[in-house]
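A.B. asks: Could you have a look at this structure, given as structure tokens, before my questions?
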Amino acid sequence: MNWTGLYALLSGVNRHSTAIGRVWLSVIFIFRIMVLVVAAESVWGDEKSSFVCNTLQPGCNSVCYDQFFPISHVRLWSLQLILVSTPALLVAMHVAHQQHMEKKLLRLEGHGDPLHLEEVKRHKVLFRLLFEAVFMYVFYLLYPGYAMVRLVKCDSYPCPNVVDCFVSRPTEKTVFTVFMLAASGICIVLNVAEVVYLIIRACARRAQRRSNPSSRKGSGFGHRLSHECKQNEINKLLSDQDGSLKDILRRSPGTGAGLAEKSDRCSAC
Amino acid sequence: MDWSTLHTFIGGVNKHSTSIGKVWITVLFIFRVMILVVAAEEVWGDEQEDFVCNTLQPGCKNVCYDHFFPVSHIRLWALQLIFVSTPALLVAMHVTYNRHEKERQFRKGEKGIEYKDLEEIKKQKVRIEGSLWWTYTSSIFFRIIFEASFMYVFYFLYNGYNLPWVVKCSIDPCPNIVDCFISRPTEKSVFTIFMIAASVICMLLNVAELCYLLMKLCFRRSRRAQVQRNHPNHTIKESKQNEMNELISDSGQNAITGFPS
């Protein structure tokens, strides 16, 4: 299991994303994971071996390194990227579970309930935002100012008095820290935009439902229409799971037009 | 997640590119990414370990190395290649969006869509015109900007493209002025010049592609104006139908590079 495996998982999950969600996924993989793997890991590769203290006292080097770098930047970023990607997997698991329950209900009772996918998507994006913000705060706590210092002064036991310790490649590390933070900031902005978009879409759909003229004709007709819309949604989800919609259209061309008409009416749902 | 993943990303864009664009992708992956991975990374592999200063003062080597190599060549090239490849993804996203729109219209059964099924929409060759032309041209423009910026950053950081074999350092805690020796300076200079040359070639290809796109646009517009002048009684729809018929008969003969002749 490596970053490629995670990419394969998330790409599959991406089907349920909005356009902004897909842009977010590209930014994560190209500007964060790829930069981490091809560049940042080699910059931090010799962080301990090239951490040099102005003393010959055995153990002083290790103790000072541990005091000033409790968790390496590279490991923090890896954790951050895994946790930020996780909500999408939880959505996929939730959708799979719900589809399974819908199928059961359909077979037993002949009808189903639609998924509350919109709400789940909003929660997914909110969790992503939360994880990003938490990690940026943790970075700030551990490494105030985000810049890497060239020299640290250490007086932990067993170092005699105050000892100068020199960090390896501080400028390059600062450049990459700022780059990764900027990418993280862009991802936060994309997540905020996605939340706003999902909220606006939900409000627009509710307003459309309220002002739908066919629902004014009678609650019976409106109820039947919304039942048809829900049934179409379930059919679509079932077909997505068992095969592609294209196959269904090919097998029964007569119903294809009917499905298209019903989905046309359902765009007003 | 490595360069092969980027190759998969960008390779997909290859289908929607012009001929010059395809040459550019080949130059990028063979003469830059591959050289970076198989050769340059080994040359720069021991850059800090073998950076030796003429002093026993602890910390002097670290400080001098950091001063003379703020960002390593290898990392700068990796960032340059990532940034230069990314605009092509805009084109891929635009093409995917167009395809989804056509599939959505086909499913709704809208008039004016002449496809028999969804497979035909997916297999249809993409023509670079309209909004896609603007996306494609912007992506080439951004590529040129990124290439030029990184070349300037290289020049600015390293005062030219040659690496000296000795640098003199007097930064605290180094006592007085200390000689520091760079590992493999000649080999590093050779690869730096090679990568800069490849970068220049890629920039020239991008400029050529931009000129090609602009020329094609002007040519197409002048041809449309000429058709209008010669057949003023024809409606715009008839002119477009004629153009389409010509294109369909042309496409049967040539591999479509994404442009009408």
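In the structure tokens, each chain is lettered A, B, ... as it comes, each chain's residues begin at 1, and ligands are numbered from 1 in order of appearance.
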Near Met195 in chain B, within 9 Å and counting only C-alpha atoms, which residues show up once chain neighbours fewer than 3 positions away are dropped, as number ranges by chain?

C.D. replies: B: 31-32, 35-36, 77, 190-192, 198-200

A.B. asks: Return as a PyMOL selection string the full set of residues in range 104-200 of chain B whose backbone-based DSSP assignment is helix (DSSP H, G or I).

C.D. replies: chain B and resi 104-108+118-123+131-158+185-200

A.B. asks: Output C-alpha atoms for every residue in that selection, as a compact mmCIF listing (two decimals), in the first residue's frame.

C.D. replies:
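Resulting contents of out-v3.txt:
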# COMPACT_ATOMS: atom_id res chain seq x y z
CA ARG B 104 -26.13 14.59 -20.66
CA GLN B 105 -27.79 16.16 -23.72
CA PHE B 106 -27.90 12.79 -25.46
CA ARG B 107 -29.58 11.18 -22.43
CA LYS B 108 -32.16 13.98 -22.31
CA LEU B 118 -22.85 7.09 -25.84
CA GLU B 119 -19.94 5.11 -27.25
CA GLU B 120 -19.86 7.37 -30.31
CA ILE B 121 -19.62 10.45 -28.05
CA LYS B 122 -16.68 8.92 -26.20
CA LYS B 123 -14.88 7.89 -29.39
CA SER B 131 -13.82 27.72 -25.71
CA LEU B 132 -11.48 24.71 -25.90
CA TRP B 133 -9.22 26.75 -28.20
CA TRP B 134 -8.95 29.43 -25.50
CA THR B 135 -8.23 26.82 -22.79
CA TYR B 136 -5.57 25.19 -24.95
CA THR B 137 -3.94 28.50 -25.84
CA SER B 138 -3.95 29.63 -22.18
CA SER B 139 -2.32 26.36 -21.13
CA ILE B 140 0.49 26.90 -23.66
CA PHE B 141 0.89 30.50 -22.49
CA PHE B 142 1.19 29.41 -18.86
CA ARG B 143 3.70 26.74 -19.80
CA ILE B 144 5.90 29.38 -21.42
CA ILE B 145 5.61 31.63 -18.37
CA PHE B 146 6.56 28.81 -15.99
CA GLU B 147 9.53 27.72 -18.09
CA ALA B 148 10.87 31.27 -18.34
CA SER B 149 10.34 31.89 -14.61
CA PHE B 150 12.23 28.81 -13.56
CA MET B 151 15.10 29.56 -15.93
CA TYR B 152 15.34 33.02 -14.40
CA VAL B 153 15.22 31.61 -10.86
CA PHE B 154 18.08 29.24 -11.72
CA TYR B 155 20.14 32.10 -13.14
CA PHE B 156 19.39 34.28 -10.13
CA LEU B 157 20.19 31.68 -7.48
CA TYR B 158 23.38 30.32 -9.01
CA PRO B 185 31.27 20.49 -10.36
CA THR B 186 32.01 19.69 -14.02
CA GLU B 187 29.45 16.87 -14.23
CA LYS B 188 26.90 19.12 -12.54
CA SER B 189 27.62 21.95 -14.99
CA VAL B 190 27.18 19.57 -17.95
CA PHE B 191 23.80 18.36 -16.71
CA THR B 192 22.69 21.88 -15.82
CA ILE B 193 23.44 23.08 -19.34
CA PHE B 194 21.73 19.99 -20.80
CA MET B 195 18.57 20.59 -18.78
CA ILE B 196 18.58 24.30 -19.63
CA ALA B 197 18.94 23.44 -23.34
CA ALA B 198 16.02 20.98 -23.10
CA SER B 199 14.02 23.69 -21.34
CA VAL B 200 14.81 26.17 -24.16

A.B. asks: Under the rule that only C-alpha atoms are counted, which of A:Val192, A:Val125, A:Cys203, A:Val52 is the nearest residue to chain B?

C.D. replies: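 Among the listed residues, A:Val52 lies closest to chain B.
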
A.B. asks: What are the closest atom pairs, with distances in Å to one decimal, for all residues of chain A lying within 8 Å of chain B? Consider only C-alpha atoms, order rows by chain and residue number, and present the result as a tab-separated table.

C.D. replies:
residue	atom	partner	partner_atom	distance
A:Asn2	CA	B:Met1	CA	7.7
A:Trp3	CA	B:Met1	CA	5.3
A:Thr4	CA	B:Met1	CA	4.9
A:Ile30	CA	B:Ile82	CA	7.5
A:Phe31	CA	B:Ile82	CA	7.9
A:Ile33	CA	B:Met1	CA	7.3
A:Met34	CA	B:Met1	CA	6.2
A:Val35	CA	B:Leu79	CA	7.3
A:Val37	CA	B:Asp2	CA	6.9
A:Val38	CA	B:Asp2	CA	6.6
A:Ala39	CA	B:Arg75	CA	5.5
A:Ser50	CA	B:Asn62	CA	7.7
A:Val52	CA	B:Gly59	CA	6.1
A:Cys53	CA	B:Pro58	CA	6.6
A:Asn54	CA	B:Pro58	CA	5.2
A:Thr55	CA	B:Pro58	CA	7.9
A:Arg150	CA	B:Val63	CA	7.3
A:Cys165	CA	B:Gly59	CA	7.1
A:Phe166	CA	B:Gly59	CA	5.4
A:Val167	CA	B:Asn62	CA	7.1
A:Ser168	CA	B:Asn62	CA	5.8
A:Arg169	CA	B:Asp66	CA	5.3
A:Pro170	CA	B:Asp66	CA	6.7
A:Thr171	CA	B:Pro70	CA	5.3
A:Glu172	CA	B:Val71	CA	4.8
A:Val175	CA	B:Val71	CA	7.8
A:Lys246	CA	B:Leu118	CA	6.9
A:Ala257	CA	B:Gly109	CA	7.2
A:Ala260	CA	B:Lys108	CA	5.1
A:Glu261	CA	B:Lys108	CA	7.0
A:Ser263	CA	B:Lys108	CA	7.6
A:Asp264	CA	B:Lys108	CA	6.4

A.B. asks: Please produce a file of the residues just selected, as a CSV table (one decimal), in the first residue's frame, where the atoms kept are C-alpha atoms.

C.D. replies:
chain,number,residue,atom,x,y,z
A,2,ASN,CA,1.5,3.3,-1.0
A,3,TRP,CA,0.4,6.6,-2.4
A,4,THR,CA,-0.5,5.0,-5.7
A,30,ILE,CA,-0.1,16.8,-8.0
A,31,PHE,CA,0.9,19.7,-5.8
A,33,ILE,CA,1.6,14.2,-2.7
A,34,MET,CA,3.8,14.3,-5.8
A,35,VAL,CA,5.9,17.2,-4.4
A,37,VAL,CA,7.4,12.1,-2.8
A,38,VAL,CA,9.7,13.5,-5.5
A,39,ALA,CA,11.2,16.5,-3.7
A,50,SER,CA,23.4,16.2,9.1
A,52,VAL,CA,25.5,18.7,13.9
A,53,CYS,CA,26.1,20.1,17.4
A,54,ASN,CA,29.3,21.9,18.4
A,55,THR,CA,30.3,19.3,21.0
A,150,ARG,CA,19.7,27.6,10.8
A,165,CYS,CA,23.4,22.9,16.9
A,166,PHE,CA,23.1,23.4,13.1
A,167,VAL,CA,20.2,22.3,11.0
A,168,SER,CA,20.8,20.8,7.6
A,169,ARG,CA,19.4,22.7,4.5
A,170,PRO,CA,17.3,25.2,6.4
A,171,THR,CA,16.6,27.5,3.4
A,172,GLU,CA,15.4,24.6,1.2
A,175,VAL,CA,10.9,26.9,0.8
A,246,LYS,CA,-25.2,2.6,-21.2
A,257,ALA,CA,-36.5,7.4,-24.1
A,260,ALA,CA,-34.9,10.2,-20.4
A,261,GLU,CA,-38.4,11.8,-20.2
A,263,SER,CA,-35.4,12.1,-15.7
A,264,ASP,CA,-36.3,15.3,-17.6

A.B. asks: Please compute the CA of Pro175 in chain B-CA of Phe51 in chain A distance, one decimal, in Å.

C.D. replies: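 If I compute the distance from CA of Pro175 in chain B to CA of Phe51 in chain A, I get 19.6 Å.
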
A.B. asks: Using only C-alpha atoms, determine which residues lie at most 9 Å from Val27 in chain A, disregarding the query and same-chain residues fewer than 5 positions distant; provide the list as a PyMOL selection string.

C.D. replies: chain A and resi 22+32-33+183+186-187

A.B. asks: Show which residues sit within 12 Å of Val162 in chain A, as a list in words. Count only C-alpha atoms, and ignore same-chain residues fewer than 6 positions away.

C.D. replies: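 Result of the neighbour search: Cys53, Asn54, Thr55, Cys60, Cys64, Val152, Lys153, Cys154, Asp155 and Ser156 of chain A.
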
A.B. asks: Any idea what the distance is between CA of Arg127 in chain B and CA of Asn98 in chain B?

C.D. replies: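 Pair CA of Arg127 in chain B / CA of Asn98 in chain B returns 11.1 Å.
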
A.B. asks: Would you mind writing down, as a PyMOL selection string, each residue of range 55-165 of chain A that DSSP on the backbone assigns to strand (DSSP E)?

C.D. replies: chain A and resi 151-154+163-165

A.B. asks: For the atom pair CA of Pro158 in chain A and CA of Tyr143 in chain A, what is the interatomic distance in Å to one decimal place?

C.D. replies: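 CA of Tyr143 in chain A lies at a distance of 23.7 Å from CA of Pro158 in chain A.
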
A.B. asks: For Pro164 in chain B, list every protein, DNA or RNA residue within 12 Å, evaluated using only C-alpha atoms, and leave out those in the same chain fewer than 2 positions away; present the list as a compact mmCIF listing (two decimals) with C-alpha atoms, in the first residue's frame.

C.D. replies:
# COMPACT_ATOMS: atom_id res chain seq x y z
CA PHE B 68 25.54 28.57 -1.58
CA TYR B 158 23.38 30.32 -9.01
CA ASN B 159 24.78 33.41 -10.82
CA GLY B 160 24.73 31.71 -14.19
CA TYR B 161 24.58 28.04 -15.07
CA ASN B 162 28.13 26.97 -14.25
CA VAL B 166 35.55 26.11 -4.81
CA VAL B 167 33.54 28.69 -2.89
CA LYS B 168 34.80 30.97 -0.13
CA ASP B 179 37.47 27.28 1.33
CA CYS B 180 34.60 24.90 0.60
CA PHE B 181 34.80 22.39 -2.24
CA ILE B 182 31.80 21.33 -4.29
CA SER B 183 31.43 17.70 -5.29
CA ARG B 184 31.50 16.90 -9.09
CA PRO B 185 31.27 20.49 -10.36
CA THR B 186 32.01 19.69 -14.02
CA GLU B 187 29.45 16.87 -14.23
CA LYS B 188 26.90 19.12 -12.54
CA SER B 189 27.62 21.95 -14.99

A.B. asks: Using only C-alpha atoms, which residue out of B:Glu101, B:Ser170, B:Val207, B:Ala92 lies closest to Ser26 in chain A?

C.D. replies: B:Ala92
